[in-house]
>>> print(open('structure-v2.cif').read())   # mmCIF, C-alpha atoms and all ligand atoms
data_data
#
loop_
_atom_site.label_atom_id
_atom_site.label_comp_id
_atom_site.auth_asym_id
_atom_site.auth_seq_id
_atom_site.Cartn_x
_atom_site.Cartn_y
_atom_site.Cartn_z
CA MET A 1282 217.32 -19.35 0.54
CA ARG A 1283 217.64 -22.34 -1.74
CA ARG A 1284 218.88 -24.43 1.19
CA ILE A 1285 215.80 -23.50 3.27
CA LEU A 1286 213.59 -24.43 0.33
CA ARG A 1287 215.35 -27.78 0.01
CA ILE A 1288 214.92 -28.51 3.75
CA GLY A 1289 211.25 -27.58 3.44
CA ILE A 1290 210.72 -29.95 0.52
CA VAL A 1291 212.52 -32.82 2.27
CA THR A 1292 210.58 -32.27 5.51
CA GLY A 1293 207.32 -32.16 3.58
CA ALA A 1294 208.17 -35.37 1.72
CA VAL A 1295 209.08 -37.15 4.98
CA LEU A 1296 205.79 -36.02 6.57
CA ILE A 1297 203.78 -37.25 3.58
CA VAL A 1298 205.53 -40.65 3.76
CA LEU A 1299 204.89 -40.89 7.54
CA VAL A 1300 201.21 -39.98 7.23
CA GLY A 1301 200.87 -42.40 4.31
CA ALA A 1302 202.53 -45.19 6.31
CA PHE A 1303 200.22 -44.51 9.28
CA TYR A 1304 197.19 -44.62 6.97
CA VAL A 1305 198.20 -47.92 5.40
CA PHE A 1306 199.24 -49.58 8.67
CA ARG A 1307 196.65 -48.01 11.01
CA THR A 1308 194.98 -51.31 11.95
CA PRO A 1309 198.16 -53.28 12.83
CA LEU A 1310 199.45 -50.17 14.63
CA LEU A 1311 196.25 -49.91 16.71
CA LEU A 1312 196.37 -53.62 17.56
CA LYS A 1313 200.04 -53.34 18.54
CA ALA A 1314 199.28 -50.32 20.74
CA LEU A 1315 196.46 -52.23 22.48
CA GLU A 1316 198.77 -55.22 22.95
CA LEU A 1317 201.48 -53.04 24.50
CA ALA A 1318 198.96 -51.27 26.76
CA GLY A 1319 197.61 -54.64 28.00
CA ALA A 1320 194.25 -55.21 29.70
CA PRO A 1321 193.57 -53.39 32.97
CA PRO A 1322 193.54 -55.67 36.04
CA LEU A 1323 190.25 -57.24 37.14
CA GLU A 1324 188.22 -55.01 39.40
CA ALA A 1325 188.01 -56.22 43.00
CA GLN A 1326 184.81 -58.19 43.55
CA GLU A 1327 183.87 -56.02 46.54
CA ALA A 1328 184.12 -52.90 44.38
CA VAL A 1329 181.65 -54.15 41.74
CA VAL A 1330 178.04 -53.02 42.05
CA LEU A 1331 175.71 -55.55 40.47
CA GLY A 1332 172.33 -54.76 38.98
CA GLU A 1333 169.22 -55.34 41.07
CA GLU A 1334 168.44 -58.59 39.27
CA GLU A 1335 172.03 -59.82 39.13
CA THR A 1336 173.65 -62.20 41.64
CA TRP A 1337 177.19 -63.60 41.88
CA ALA A 1338 177.48 -67.18 40.61
CA ASP A 1339 181.06 -67.39 41.93
CA ASP A 1340 183.88 -64.86 42.34
CA PHE A 1341 183.88 -63.94 38.65
CA TYR A 1342 180.56 -64.50 36.89
CA SER A 1343 177.19 -62.96 37.69
CA VAL A 1344 173.81 -64.23 36.54
CA GLU A 1345 170.56 -62.46 35.76
CA ARG A 1346 167.42 -64.49 35.17
CA LEU A 1347 165.54 -62.98 32.20
CA ASP A 1348 162.76 -65.54 32.65
CA ALA A 1349 162.47 -69.01 34.18
CA GLN A 1350 164.61 -70.57 31.43
CA THR A 1351 166.73 -67.72 30.05
CA PHE A 1352 169.84 -66.37 31.73
CA ALA A 1353 172.30 -63.54 31.11
CA ILE A 1354 175.77 -64.53 32.38
CA SER A 1355 178.19 -61.64 32.75
CA GLU A 1356 181.78 -60.91 33.72
CA PRO A 1357 181.39 -57.65 35.67
CA ARG A 1358 184.97 -57.56 37.04
CA TYR A 1359 186.46 -57.70 33.54
CA PHE A 1360 186.67 -54.31 31.86
CA ARG A 1361 184.93 -55.55 28.70
CA ASP A 1362 181.88 -56.50 30.81
CA VAL A 1363 181.01 -59.41 28.52
CA TYR A 1364 177.51 -60.94 28.47
CA SER A 1365 176.70 -64.46 27.28
CA TYR A 1366 173.17 -65.90 27.24
CA LEU A 1367 171.87 -69.33 28.19
CA VAL A 1368 168.55 -70.44 26.70
CA VAL A 1369 167.10 -73.64 28.14
CA GLY A 1370 164.44 -75.86 26.55
CA GLU A 1371 162.79 -79.07 27.77
CA GLU A 1372 165.44 -81.27 26.10
CA GLU A 1373 168.51 -79.14 25.44
CA ALA A 1374 170.09 -75.78 26.15
CA LEU A 1375 172.03 -73.34 24.00
CA LEU A 1376 174.75 -70.98 25.19
CA ILE A 1377 174.97 -67.92 22.94
CA ASP A 1378 178.65 -66.85 23.13
CA SER A 1379 181.04 -68.52 25.54
CA GLY A 1380 182.58 -65.36 27.00
CA SER A 1381 186.19 -64.32 27.47
CA PRO A 1382 188.99 -66.87 27.94
CA LEU A 1383 189.66 -65.59 31.47
CA ARG A 1384 187.66 -68.26 33.36
CA ASP A 1385 185.75 -71.53 32.96
CA ILE A 1386 182.05 -70.82 32.43
CA SER A 1387 180.92 -74.48 32.67
CA PRO A 1388 180.42 -74.65 36.51
CA VAL A 1389 178.03 -71.68 36.19
CA LEU A 1390 176.03 -73.48 33.51
CA ALA A 1391 175.85 -76.62 35.66
CA LYS A 1392 174.16 -74.58 38.39
CA LEU A 1393 171.54 -73.29 35.93
CA THR A 1394 170.58 -76.40 33.96
CA ASP A 1395 171.00 -80.17 33.87
CA LYS A 1396 170.23 -80.30 30.11
CA PRO A 1397 173.05 -80.86 27.57
CA VAL A 1398 174.42 -77.47 26.49
CA SER A 1399 175.57 -76.65 22.93
CA VAL A 1400 177.33 -73.39 22.21
CA ILE A 1401 177.33 -70.96 19.27
CA ALA A 1402 179.20 -67.67 19.02
CA THR A 1403 177.64 -64.55 17.52
CA HIS A 1404 181.09 -63.90 15.98
CA LEU A 1405 184.69 -65.06 16.28
CA HIS A 1406 186.24 -62.33 18.47
CA PHE A 1407 188.16 -63.80 21.44
CA ASP A 1408 185.77 -62.46 24.08
CA HIS A 1409 182.89 -64.48 22.55
CA VAL A 1410 184.63 -67.83 21.88
CA GLY A 1411 186.78 -67.94 25.01
CA ASN A 1412 185.24 -71.15 26.41
CA HIS A 1413 184.47 -72.91 23.13
CA THR A 1414 187.02 -75.69 23.67
CA ARG A 1415 185.22 -76.75 26.87
CA PHE A 1416 182.06 -77.81 25.00
CA ALA A 1417 181.31 -81.20 23.49
CA LYS A 1418 179.09 -79.59 20.87
CA VAL A 1419 180.11 -76.33 19.18
CA LEU A 1420 177.67 -75.17 16.52
CA MET A 1421 178.65 -72.80 13.74
CA PRO A 1422 176.55 -70.79 11.29
CA ASP A 1423 176.34 -72.60 7.99
CA LEU A 1424 178.12 -70.00 5.87
CA SER A 1425 180.19 -71.15 2.88
CA SER A 1426 183.05 -68.83 3.93
CA LEU A 1427 183.36 -70.70 7.25
CA ARG A 1428 182.73 -74.22 5.91
CA ALA A 1429 185.48 -73.74 3.31
CA ARG A 1430 188.00 -73.16 6.09
CA THR A 1431 187.19 -76.25 8.13
CA TYR A 1432 189.80 -79.01 7.95
CA GLU A 1433 189.05 -82.52 9.22
CA GLY A 1434 186.07 -81.13 11.10
CA LYS A 1435 188.08 -78.47 12.90
CA PHE A 1436 187.77 -74.69 12.61
CA VAL A 1437 190.48 -72.22 13.64
CA PRO A 1438 189.80 -68.45 13.41
CA ASP A 1439 192.50 -66.31 11.86
CA ALA A 1440 194.35 -63.65 13.85
CA LEU A 1441 192.24 -60.70 12.67
CA GLU A 1442 188.99 -62.61 13.27
CA HIS A 1443 190.00 -63.56 16.79
CA LEU A 1444 191.99 -60.46 17.89
CA GLY A 1445 193.00 -62.22 21.14
CA ARG A 1446 196.61 -61.17 20.72
CA VAL A 1447 195.71 -57.72 22.07
CA GLU A 1448 195.26 -59.40 25.47
CA GLY A 1449 197.83 -62.17 25.07
CA TYR A 1450 195.44 -65.03 24.24
CA ALA A 1451 196.40 -67.82 21.84
CA ILE A 1452 193.92 -68.67 19.09
CA PRO A 1453 191.92 -71.80 19.91
CA GLY A 1454 190.49 -74.22 17.37
CA TRP A 1455 187.46 -76.42 17.94
CA ASP A 1456 185.69 -79.38 16.38
CA VAL A 1457 182.53 -78.27 14.61
CA GLY A 1458 179.63 -80.23 16.12
CA GLY A 1459 177.02 -79.00 13.64
CA TRP A 1460 176.26 -76.37 10.99
CA TRP A 1461 173.19 -74.22 11.66
CA ALA A 1462 171.70 -72.83 8.46
CA VAL A 1463 170.68 -69.17 8.21
CA GLY A 1464 166.94 -68.91 8.82
CA ALA A 1465 166.71 -72.45 10.26
CA GLU A 1466 165.20 -73.24 13.63
CA PHE A 1467 166.86 -75.18 16.44
CA ASP A 1468 164.29 -76.94 18.61
CA LEU A 1469 165.46 -77.11 22.23
CA GLY A 1470 162.27 -78.93 23.24
CA GLY A 1471 159.16 -76.77 23.51
CA ARG A 1472 161.20 -73.78 22.44
CA SER A 1473 162.71 -72.93 19.05
CA LEU A 1474 165.45 -70.48 18.18
CA THR A 1475 166.18 -69.05 14.72
CA LEU A 1476 169.62 -68.11 13.39
CA LEU A 1477 169.79 -64.81 11.50
CA SER A 1478 172.76 -63.58 9.48
CA THR A 1479 173.65 -60.08 10.75
CA PRO A 1480 176.96 -59.00 9.13
CA GLY A 1481 178.47 -55.59 9.82
CA HIS A 1482 180.66 -55.85 12.93
CA THR A 1483 182.22 -58.87 11.16
CA PRO A 1484 181.20 -60.54 7.86
CA ASP A 1485 180.04 -63.78 9.53
CA SER A 1486 178.28 -62.24 12.54
CA ILE A 1487 174.97 -63.86 13.43
CA SER A 1488 172.13 -63.21 15.87
CA ILE A 1489 169.81 -65.68 17.55
CA TRP A 1490 166.11 -64.86 17.53
CA ASP A 1491 163.79 -66.21 20.21
CA LYS A 1492 160.49 -65.43 18.55
CA THR A 1493 158.28 -66.72 21.38
CA THR A 1494 159.71 -64.13 23.77
CA ASN A 1495 160.57 -61.55 21.07
CA ARG A 1496 164.22 -61.41 22.01
CA LEU A 1497 167.17 -61.05 19.66
CA PHE A 1498 170.61 -61.98 20.99
CA MET A 1499 172.76 -59.90 18.70
CA GLY A 1500 176.37 -60.06 19.95
CA ASP A 1501 178.28 -56.90 19.08
CA TYR A 1502 176.00 -55.87 16.20
CA ALA A 1503 174.46 -52.88 18.00
CA GLY A 1504 173.54 -51.65 21.47
CA ASP A 1505 173.85 -48.68 23.72
CA GLY A 1506 177.20 -46.91 23.70
CA GLU A 1507 179.73 -47.55 20.96
CA ILE A 1508 179.14 -49.62 17.84
CA TYR A 1509 182.44 -51.00 16.53
CA ALA A 1510 182.26 -50.64 12.76
CA PHE A 1511 185.96 -49.88 12.20
CA LEU A 1512 187.57 -53.26 12.92
CA PRO A 1513 189.55 -55.10 10.22
CA ASN A 1514 186.52 -57.05 8.95
CA SER A 1515 183.77 -54.49 9.60
CA SER A 1516 181.66 -53.09 6.78
CA LEU A 1517 179.34 -50.08 6.90
CA GLY A 1518 177.48 -51.33 3.82
CA ALA A 1519 176.81 -54.66 5.53
CA TYR A 1520 175.72 -52.79 8.67
CA LEU A 1521 173.16 -50.81 6.72
CA GLU A 1522 171.83 -53.84 4.84
CA THR A 1523 171.49 -55.84 8.06
CA THR A 1524 169.73 -52.97 9.84
CA GLU A 1525 167.23 -52.41 7.03
CA ARG A 1526 166.48 -56.15 6.86
CA LEU A 1527 165.99 -56.53 10.63
CA LEU A 1528 163.68 -53.51 10.67
CA SER A 1529 161.46 -55.13 8.07
CA ASP A 1530 161.62 -58.68 9.52
CA LEU A 1531 161.41 -58.30 13.31
CA PRO A 1532 158.24 -57.41 15.24
CA PRO A 1533 158.27 -53.84 16.61
CA GLN A 1534 158.25 -55.00 20.24
CA THR A 1535 161.48 -57.03 19.88
CA LEU A 1536 164.06 -56.49 22.62
CA LEU A 1537 167.67 -56.68 21.43
CA PHE A 1538 170.30 -58.03 23.83
CA ALA A 1539 173.93 -56.96 23.40
CA ALA A 1540 177.08 -58.78 24.49
CA HIS A 1541 178.74 -55.97 26.45
CA GLY A 1542 177.37 -53.90 29.32
CA GLY A 1543 175.95 -50.47 28.51
CA ALA A 1544 177.56 -47.32 29.82
CA ASP A 1545 175.33 -46.78 32.87
CA THR A 1546 173.01 -49.77 32.89
CA LYS A 1547 173.57 -52.37 35.59
CA ALA A 1548 171.57 -55.14 33.96
CA ALA A 1549 171.64 -57.36 30.91
CA PRO A 1550 172.15 -54.75 28.16
CA SER A 1551 169.07 -54.48 25.97
CA VAL A 1552 167.68 -51.91 23.59
CA GLY A 1553 164.42 -51.57 21.71
CA MET A 1554 163.81 -51.40 17.97
CA GLN A 1555 164.01 -47.59 18.09
CA ASN A 1556 167.80 -48.05 18.31
CA LEU A 1557 167.75 -49.82 14.95
CA PHE A 1558 165.77 -46.98 13.38
CA ASP A 1559 168.39 -44.57 14.76
CA LEU A 1560 171.19 -46.78 13.45
CA ARG A 1561 169.61 -47.00 10.00
CA ASP A 1562 169.06 -43.24 9.79
CA GLY A 1563 172.59 -42.56 11.08
CA LEU A 1564 174.21 -44.94 8.61
CA ARG A 1565 172.27 -43.44 5.71
CA ALA A 1566 173.35 -39.95 6.80
CA MET A 1567 176.98 -41.12 7.05
CA ARG A 1568 176.79 -42.65 3.59
CA ASP A 1569 175.33 -39.47 2.11
CA GLY A 1570 177.81 -37.18 3.89
CA ARG A 1571 175.08 -35.59 6.07
CA LEU A 1572 176.50 -36.68 9.46
CA ALA A 1573 179.74 -35.22 10.80
CA GLY A 1574 182.19 -37.52 12.56
CA ALA A 1575 184.41 -36.44 15.45
CA GLY A 1576 187.94 -37.44 16.43
CA PHE A 1577 190.93 -38.67 14.47
CA TRP A 1578 190.59 -42.44 14.17
CA PRO A 1579 188.30 -44.25 14.49
CA ARG A 1580 185.83 -41.44 13.78
CA ALA A 1581 182.78 -41.31 16.08
CA TYR A 1582 179.39 -40.62 14.43
CA PRO A 1583 176.52 -39.88 16.87
CA ILE A 1584 173.32 -41.73 15.99
CA ASN A 1585 171.34 -40.90 19.12
CA ARG A 1586 171.77 -39.59 22.64
CA ASN A 1587 173.72 -42.64 23.87
CA THR A 1588 175.25 -44.24 20.84
CA HIS A 1589 178.10 -43.57 18.41
CA VAL A 1590 179.11 -45.56 15.37
CA LEU A 1591 182.91 -45.86 15.40
CA ALA A 1592 184.02 -45.99 11.79
CA ASP A 1593 187.18 -46.12 9.76
CA TRP A 1594 188.09 -43.26 7.45
CA THR A 1595 186.28 -43.27 4.18
CA GLY A 1596 188.55 -43.31 1.16
CA PRO A 1597 190.79 -45.87 -0.53
CA GLY A 1598 191.33 -48.83 1.80
CA GLY A 1599 188.97 -47.34 4.41
CA SER A 1600 185.34 -47.95 5.39
CA SER A 1601 183.50 -49.67 2.64
CA TRP A 1602 179.87 -49.29 1.62
CA ASP A 1603 180.19 -52.26 -0.70
CA PHE A 1604 180.00 -55.81 0.50
CA ASP A 1605 179.26 -59.21 -0.88
ZN ZN A 1701 183.26 -58.25 18.71
#
>>> encode(input="structure-v2.cif", output="structure tokens", more="lines below")
Ligand SMILES: [Zn+2]
Amino acid sequence: MRRILRIGIVTGAVLIVLVGAFYVFRTPLLLKALELAGAPPLEAQEAVVLGEEETWADDFYSVERLDAQTFAISEPRYFRDVYSYLVVGEEEALLIDSGSPLRDISPVLAKLTDKPVSVIATHLHFDHVGNHTRFAKVLMPDLSSLRARTYEGKFVPDALEHLGRVEGYAIPGWDVGGWWAVGAEFDLGGRSLTLLSTPGHTPDSISIWDKTTNRLFMGDYAGDGEIYAFLPNSSLGAYLETTERLLSDLPPQTLLFAAHGGADTKAAPSVGMQNLFDLRDGLRAMRDGRLAGAGFWPRAYPINRNTHVLADWTGPGGSSWDFD
């Protein structure tokens, strides 16, 4: 009897240690699992169905014209279905995100504009900075946290900011061609864009606001489908603060463009401001314990018919509602 009791205690202790180790190391374990699984192969071009407004630019990229001088450039054969946006003015053009490192985006840009193109990423994940080293002018948001890590004019993301190891990509560094202050306008010639700080998905995430057309290019901040708020640098508190601020600052008719394709949409992925109201209400309900999550990890919290917030566990070392 005593022997059975002893075995029970030892087994229990081992289980507690294993669960504790999983809890502490859940993020590196997830990243390792993704790395071992690898990315699925590219879909055959013939098998891809483009949206009505989308056309192939070559055998990899597709382009949708949002208006005469604004383009959504996507990678529909790649399972992450990345979208980058090109905004062209009378003097200059800006590429918002440079896409995955799989291919060279510059020949596509050359077909769309003859103006000099600068690039800025909405955040530092590998599928948004993949072509940065091909540009003469890489802009970065003027945030003290990023400036402090620039040496001799060069910025290199760290491994958890970049996350490219999950698909076998090395971390690139690039020369910073200019710092764009939060709230400042960049005049492309007859067309001005404003940089907004929109932390949540990552602490230094930004969005670019085109106020003349009422468009916000928001990277991975929100959208239809899954909102990734469980990654190493994500913060639920920052998500809520950003959402409340955007709701008070942006006009109600603003269209928000995401950087990954929606579940069933075959077009540049955009949502209206109602999605931000849903996100705000959902985050408040999560914070107050009024919204049940599903699944083990990350937990999925439904905020409307199409969209879940994927969040870390709450508790010590888990999802934080504090941020600075
Ligand atoms: Zn991202």
>>> residues_around(input="structure-v2.cif", residues="stretch 1583-1590 of chain A", least_positions_apart="2", cutoff="6 Å", atoms="all atoms listed in the file", output="MDAnalysis selection string")
chainID A and resid 1505:1508 1559 1563 1581
>>> residues_near_ligand(input="structure-v2.cif", ligand="ligand ZN 1701 (chain A)", cutoff="9 Å", atoms="only C-alpha atoms and all ligand atoms", output="compact mmCIF listing (two decimals) with C-alpha atoms, in the coordinates of the input")
# COMPACT_ATOMS: atom_id res chain seq x y z
CA THR A 1403 177.64 -64.55 17.52
CA HIS A 1404 181.09 -63.90 15.98
CA LEU A 1405 184.69 -65.06 16.28
CA HIS A 1406 186.24 -62.33 18.47
CA PHE A 1407 188.16 -63.80 21.44
CA ASP A 1408 185.77 -62.46 24.08
CA HIS A 1409 182.89 -64.48 22.55
CA HIS A 1443 190.00 -63.56 16.79
CA HIS A 1482 180.66 -55.85 12.93
CA THR A 1483 182.22 -58.87 11.16
CA SER A 1486 178.28 -62.24 12.54
CA GLY A 1500 176.37 -60.06 19.95
CA ASP A 1501 178.28 -56.90 19.08
CA TYR A 1502 176.00 -55.87 16.20
CA TYR A 1509 182.44 -51.00 16.53
CA LEU A 1512 187.57 -53.26 12.92
CA ALA A 1540 177.08 -58.78 24.49
>>> residues_around(input="structure-v2.cif", residues="A:Arg1561", least_positions_apart="2", cutoff="9 Å", atoms="only C-alpha atoms", output="list in words")
Tyr1520, Leu1521, Glu1522, Thr1524, Glu1525, Leu1528, Asn1556, Leu1557, Phe1558, Asp1559, Gly1563, Leu1564, Arg1565, Ala1566 and Ile1584 of chain A
>>> atom_distance(input="structure-v2.cif", atom1="atom CA of A:Pro1453", atom2="atom CA of A:Phe1511")
24.0 Å
>>> residues_around(input="structure-v2.cif", residues="A:Gly1576", least_positions_apart="6", cutoff="12 Å", atoms="all atoms listed in the file", output="list in words")
Tyr1582, Pro1583, His1589, Leu1591, Ala1592, Asp1593 and Trp1594 of chain A
>>> atom_distance(input="structure-v2.cif", atom1="atom CA of A:Ser1473", atom2="atom CA of A:Val1410")
22.7 Å
>>> residues_near_point(input="structure-v2.cif", point="(172.3, -54.4, 31.9)", cutoff="10 Å", atoms="all atoms listed in the file", output="list in words")
Leu1331, Gly1332, Glu1333, Glu1334, Glu1335, Glu1345, Ala1353, Ser1355, Asp1362, Tyr1364, Phe1538, Ala1539, Ala1540, His1541, Gly1542, Gly1543, Ala1544, Asp1545, Thr1546, Lys1547, Ala1548, Ala1549, Pro1550, Ser1551 and Val1552 of chain A
>>> closest_residue(input="structure-v2.cif", among="A:Thr1351, A:Ser1426, A:Asn1412, A:Thr1523", to="A:Gly1454", atoms="only C-alpha atoms")
A:Asn1412
>>> atom_distance(input="structure-v2.cif", atom1="atom CA of A:Asp1562", atom2="atom CA of A:Thr1494")
26.8 Å
>>> closest_residue(input="structure-v2.cif", among="A:Leu1469, A:Val1329, A:Ile1297, A:Val1437", to="A:Gly1370", atoms="all atoms listed in the file")
A:Leu1469
>>> axis_aligned_box(input="structure-v2.cif", around="stretch 1584-1592 of chain A", padding_each_side="8 Å", output="lines of an AutoDock Vina configuration file")
center_x = 177.7
center_y = -42.8
center_z = 17.8
size_x = 28.7
size_y = 22.4
size_z = 28.1
>>> residues_around(input="structure-v2.cif", residues="stretch 1530-1536 of chain A", least_positions_apart="3", cutoff="8 Å", atoms="all atoms listed in the file", output="ChimeraX atom specification")
/A:1495-1497,1526-1527,1551-1554
>>> closest_residue(input="structure-v2.cif", among="A:Gly1518, A:Gly1449, A:Pro1422, A:Pro1397", to="A:Leu1317", atoms="all atoms listed in the file")
A:Gly1449
>>> closest_residue(input="structure-v2.cif", among="A:Asp1378, A:Ala1573, A:Thr1479, A:Leu1444", to="A:Glu1316", atoms="all atoms listed in the file")
A:Leu1444
>>> closest_residue(input="structure-v2.cif", among="A:Val1398, A:Ile1290, A:Ser1381, A:Arg1358", to="A:Ala1328", atoms="all atoms listed in the file")
A:Arg1358
>>> closest_residue(input="structure-v2.cif", among="A:Asp1339, A:Glu1433, A:Glu1442, A:Glu1372", to="A:Ser1515", atoms="all atoms listed in the file")
A:Glu1442
>>> residues_near_point(input="structure-v2.cif", point="(189.9, -59.7, 26.2)", cutoff="8 Å", atoms="only C-alpha atoms", output="ChimeraX atom specification")
/A:1320,1361,1381-1383,1407-1408,1445,1447-1448,1450
>>> residues_around(input="structure-v2.cif", residues="A:Pro1322", least_positions_apart="2", cutoff="10 Å", atoms="all atoms listed in the file", output="JSON, numbers by chain")
{"A": [1319, 1320, 1324, 1325, 1358, 1359, 1360]}
>>> decode(input="structure-v2.cif", residues="stretch 1355-1380 of chain A", atoms="N, CA and C atoms", output="mmCIF file, in the first residue's frame")
data_model
loop_
_atom_site.group_PDB
_atom_site.id
_atom_site.type_symbol
_atom_site.label_atom_id
_atom_site.label_comp_id
_atom_site.auth_asym_id
_atom_site.auth_seq_id
_atom_site.Cartn_x
_atom_site.Cartn_y
_atom_site.Cartn_z
ATOM 1 N N SER A 1355 0.221 40.694 -53.736
ATOM 2 C CA SER A 1355 0.079 39.533 -52.856
ATOM 3 C C SER A 1355 0.862 38.328 -53.358
ATOM 4 N N GLU A 1356 0.968 37.345 -52.488
ATOM 5 C CA GLU A 1356 1.738 36.123 -52.751
ATOM 6 C C GLU A 1356 0.784 34.933 -52.601
ATOM 7 N N PRO A 1357 -0.139 34.764 -53.568
ATOM 8 C CA PRO A 1357 -1.231 33.812 -53.356
ATOM 9 C C PRO A 1357 -0.815 32.334 -53.365
ATOM 10 N N ARG A 1358 0.398 32.018 -53.862
ATOM 11 C CA ARG A 1358 0.819 30.615 -53.859
ATOM 12 C C ARG A 1358 1.441 30.216 -52.520
ATOM 13 N N TYR A 1359 1.838 31.212 -51.752
ATOM 14 C CA TYR A 1359 2.488 30.989 -50.454
ATOM 15 C C TYR A 1359 1.396 30.858 -49.397
ATOM 16 N N PHE A 1360 1.532 29.880 -48.503
ATOM 17 C CA PHE A 1360 0.405 29.590 -47.607
ATOM 18 C C PHE A 1360 0.071 30.747 -46.666
ATOM 19 N N ARG A 1361 1.030 31.655 -46.439
ATOM 20 C CA ARG A 1361 0.703 32.798 -45.566
ATOM 21 C C ARG A 1361 -0.058 33.904 -46.308
ATOM 22 N N ASP A 1362 -0.151 33.795 -47.635
ATOM 23 C CA ASP A 1362 -0.957 34.728 -48.430
ATOM 24 C C ASP A 1362 -0.708 36.188 -48.010
ATOM 25 N N VAL A 1363 0.562 36.568 -48.122
ATOM 26 C CA VAL A 1363 0.998 37.891 -47.636
ATOM 27 C C VAL A 1363 0.548 38.997 -48.603
ATOM 28 N N TYR A 1364 0.156 40.123 -48.070
ATOM 29 C CA TYR A 1364 -0.176 41.318 -48.864
ATOM 30 C C TYR A 1364 0.722 42.484 -48.468
ATOM 31 N N SER A 1365 1.336 43.104 -49.469
ATOM 32 C CA SER A 1365 2.081 44.349 -49.275
ATOM 33 C C SER A 1365 1.368 45.413 -50.119
ATOM 34 N N TYR A 1366 1.575 46.686 -49.791
ATOM 35 C CA TYR A 1366 0.829 47.746 -50.480
ATOM 36 C C TYR A 1366 1.779 48.812 -51.030
ATOM 37 N N LEU A 1367 1.541 49.204 -52.257
ATOM 38 C CA LEU A 1367 2.343 50.244 -52.897
ATOM 39 C C LEU A 1367 1.481 51.488 -53.094
ATOM 40 N N VAL A 1368 1.953 52.602 -52.517
ATOM 41 C CA VAL A 1368 1.224 53.869 -52.622
ATOM 42 C C VAL A 1368 2.104 54.838 -53.415
ATOM 43 N N VAL A 1369 1.576 55.342 -54.518
ATOM 44 C CA VAL A 1369 2.390 56.155 -55.425
ATOM 45 C C VAL A 1369 1.909 57.609 -55.412
ATOM 46 N N GLY A 1370 2.853 58.537 -55.250
ATOM 47 C CA GLY A 1370 2.539 59.962 -55.349
ATOM 48 C C GLY A 1370 3.107 60.532 -56.645
ATOM 49 N N GLU A 1371 3.092 61.875 -56.760
ATOM 50 C CA GLU A 1371 3.616 62.482 -57.996
ATOM 51 C C GLU A 1371 5.142 62.460 -58.038
ATOM 52 N N GLU A 1372 5.773 62.418 -56.843
ATOM 53 C CA GLU A 1372 7.246 62.447 -56.795
ATOM 54 C C GLU A 1372 7.862 61.120 -56.373
ATOM 55 N N GLU A 1373 7.217 60.470 -55.401
ATOM 56 C CA GLU A 1373 7.803 59.274 -54.789
ATOM 57 C C GLU A 1373 6.728 58.243 -54.546
ATOM 58 N N ALA A 1374 7.186 57.031 -54.219
ATOM 59 C CA ALA A 1374 6.256 55.961 -53.853
ATOM 60 C C ALA A 1374 6.714 55.322 -52.549
ATOM 61 N N LEU A 1375 5.760 54.731 -51.841
ATOM 62 C CA LEU A 1375 6.090 54.027 -50.601
ATOM 63 C C LEU A 1375 5.536 52.613 -50.678
ATOM 64 N N LEU A 1376 6.388 51.638 -50.368
ATOM 65 C CA LEU A 1376 5.940 50.249 -50.244
ATOM 66 C C LEU A 1376 5.740 49.963 -48.765
ATOM 67 N N ILE A 1377 4.521 49.570 -48.402
ATOM 68 C CA ILE A 1377 4.209 49.264 -47.010
ATOM 69 C C ILE A 1377 4.317 47.751 -46.843
ATOM 70 N N ASP A 1378 5.376 47.312 -46.189
ATOM 71 C CA ASP A 1378 5.804 45.908 -46.044
ATOM 72 C C ASP A 1378 6.453 45.418 -47.342
ATOM 73 N N SER A 1379 7.507 44.625 -47.184
ATOM 74 C CA SER A 1379 8.207 44.154 -48.392
ATOM 75 C C SER A 1379 7.989 42.668 -48.641
ATOM 76 N N GLY A 1380 7.053 42.057 -47.909
ATOM 77 C CA GLY A 1380 6.650 40.687 -48.201
ATOM 78 C C GLY A 1380 7.591 39.644 -47.633
#
